[in-house]
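Participant: I have a structure here, written as structure tokens, and I will follow up with some questions on it.
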Amino acid sequence: MLPYTAYLRVYQPIESFAPDERRRWEEYARSADRPRRAQALAAEQAEILGRLMATPPLVAPREESRNAYLRRVEGRLYVCPWETRLRSWRAFTEFTERVPPALSEVFVPDREAERAEEGYREWRASGAHIRPGILSSNWVVPVAWFVPFADGERRLVPSAGPTRALLYLTRTATGLERLERTAAVLTEHVGRHAVSAATEGLVDWLRAVAHPGSLLELDYGGLVHLLDDERLTGERSVAEVADAVEALAAGDAERVVELRDRLLRRWRSIRALEHAN
């Protein structure tokens, strides 16, 4: 997991967990030792870095993480388990699909790769869920991730330290409605081909993992450290995507192109930092 990573998280209502798991998360929420919100991301990244720096490196922890991101909204507890082992398994699978075997072996010894593959294979065979409630993206926020949110759901913390953050939070049901409306507008005014695979995949993921009463959070994560205070304060991609959808629905093609080009220029400049790093 890179420091310059954005996240999309589903927070499940505490009532959606099985009784034993629910009690564990309620106790966890009361614990004074759990990582607090401002330090949780740094703690998660430190744990992953420690595994990768070990000799030999560990693709995934031997046991699943017992930590979670928590939110309380209107007195109700919502839980987003880290699921570090499951996410690590999936990330390694994607890595091996993209990288030639000879190159993969340079980063991960065969024995550790086999251990990770066997662990993930046994997990899948057990019938356990294989889709985590957290998605991540390095160096960029995918355009589809902006769609479920509204500008009024924005929360900015423009500090200079680890609490620096840009977040959006909405009801998952509301986010799905926005995704479905966007797909409908694109289909009507451009054609079905205009609905990206990323948008369809996001809808599918939410329907598969999210409880009807869950929350959905977009966290710019480490990307906020690539933007100075002025650019961070002015970062309004969610509003621009929403405006572009409304302009398309109204038939204002010129406005759609203007907003699209502005969005692409901004994120192209941010992504270019990956190659400069």
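Numbering starts fresh at 1 for the residues of each chain in the structure tokens, the chains themselves are lettered A, B, ... in the order given, and ligands are numbered from 1 as they appear.
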Residues within 10 Å of region 194-208 of chain A, please, as a PyMOL selection string. Count only C-alpha atoms; anything in the same chain fewer than 2 positions from it doesn't count.
Facilitator: chain A and resi 9-10+129+131-133+135+142-145+147-148+172-173+175-177+179-180+182-192+210-212+214+216
Participant: In region 30-145 of chain A, what's strand (DSSP E or B) per DSSP? Answer as a list in words?
Facilitator: Ala68, Tyr69, Leu70, Arg71, Arg72, Val73, Arg76, Leu77, Tyr78, Val79, Cys80, Pro81, Ile134, Leu135, Ser136, Ser137 and Asn138 of chain A
Participant: Got time to write the residues from that selection, C-alpha atoms, as a PDB file, in the first residue's frame?
Facilitator:
```
ATOM      1  CA  ALA A  68     -11.440  -1.346  11.784  1.00  0.00           C
ATOM      2  CA  TYR A  69     -12.347   2.202  10.813  1.00  0.00           C
ATOM      3  CA  LEU A  70     -15.286   3.427  12.888  1.00  0.00           C
ATOM      4  CA  ARG A  71     -17.894   6.132  12.495  1.00  0.00           C
ATOM      5  CA  ARG A  72     -20.761   7.265  14.685  1.00  0.00           C
ATOM      6  CA  VAL A  73     -23.613   8.990  12.894  1.00  0.00           C
ATOM      7  CA  ARG A  76     -25.300   4.764  15.583  1.00  0.00           C
ATOM      8  CA  LEU A  77     -22.025   2.848  15.258  1.00  0.00           C
ATOM      9  CA  TYR A  78     -20.750   1.941  11.779  1.00  0.00           C
ATOM     10  CA  VAL A  79     -17.792  -0.379  11.187  1.00  0.00           C
ATOM     11  CA  CYS A  80     -15.419  -0.800   8.247  1.00  0.00           C
ATOM     12  CA  PRO A  81     -13.031  -3.709   9.041  1.00  0.00           C
ATOM     13  CA  ILE A 134     -12.405  -1.139   1.018  1.00  0.00           C
ATOM     14  CA  LEU A 135     -11.164  -0.227  -2.458  1.00  0.00           C
ATOM     15  CA  SER A 136      -7.866   1.598  -3.028  1.00  0.00           C
ATOM     16  CA  SER A 137      -6.339   3.558  -5.895  1.00  0.00           C
ATOM     17  CA  ASN A 138      -2.745   4.769  -6.142  1.00  0.00           C
TER      18      ASN A 138
END
```
Participant: Going by DSSP on the backbone, which bits of region 25-209 of chain A are helix (DSSP H, G or I)? Write them as a ChimeraX atom specification, please.
Facilitator: /A:25-30,37-52,84-98,101-107,110-125,143-146,151-153,172-189,192-194,197-209
Participant: Could you make a table, as a Markdown table, of the residues of region 138-179 of chain A that have an atom within 12 Å of an atom of region 41-52 of chain A, each with its nearest atom pair and distance in Å to one decimal, counting only C-alpha atoms, in chain and number order?
Facilitator:
```
| residue | atom | partner | partner_atom | distance |
| --- | --- | --- | --- | --- |
| A:Gly161 | CA | A:Ala42 | CA | 11.4 |
| A:Pro162 | CA | A:Ala42 | CA | 7.8 |
| A:Thr163 | CA | A:Leu41 | CA | 10.0 |
| A:Arg164 | CA | A:Leu41 | CA | 11.6 |
| A:Ala165 | CA | A:Leu41 | CA | 11.0 |
```
Participant: Nearest to Ile270 (chain A): which of A:Leu223, A:Ile14, A:Leu248, A:Val157 is it, counting only C-alpha atoms?
Facilitator: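 Under the stated criterion, the closest residue is A:Leu223.
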Participant: Would you work out the distance separating CA of Ala239 (chain A) from CA of Arg154 (chain A), expressed in Å to one decimal?
Facilitator: 9.7 Å
Participant: Tell me, in Å to one decimal, how far CA of Arg262 (chain A) is from CA of Glu240 (chain A).
Facilitator: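 Pair CA of Arg262 (chain A) / CA of Glu240 (chain A) returns 8.8 Å.
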Participant: Neighbouring residues of Arg85 (chain A) were defined as those with any atom within 12 Å, considering only C-alpha atoms; residues of the same chain fewer than 4 positions away were excluded. Please report them as a PyMOL selection string.
Facilitator: chain A and resi 44+47-48+51+58-67+81+89-92+116-117+119-120+123+130-132
Participant: Ranking A:Pro100, A:Pro3, A:Pro57, A:Leu86 by minimum distance to Ala113 (chain A) and counting only C-alpha atoms, which one comes first?
Facilitator: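 The closest residue to Ala113 (chain A) is A:Pro57.
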Participant: Of the residues A:Glu74, A:Leu156, A:Ala32, A:Asp151, which is the one nearest to Pro13 (chain A), using only C-alpha atoms?
Facilitator: A:Glu74
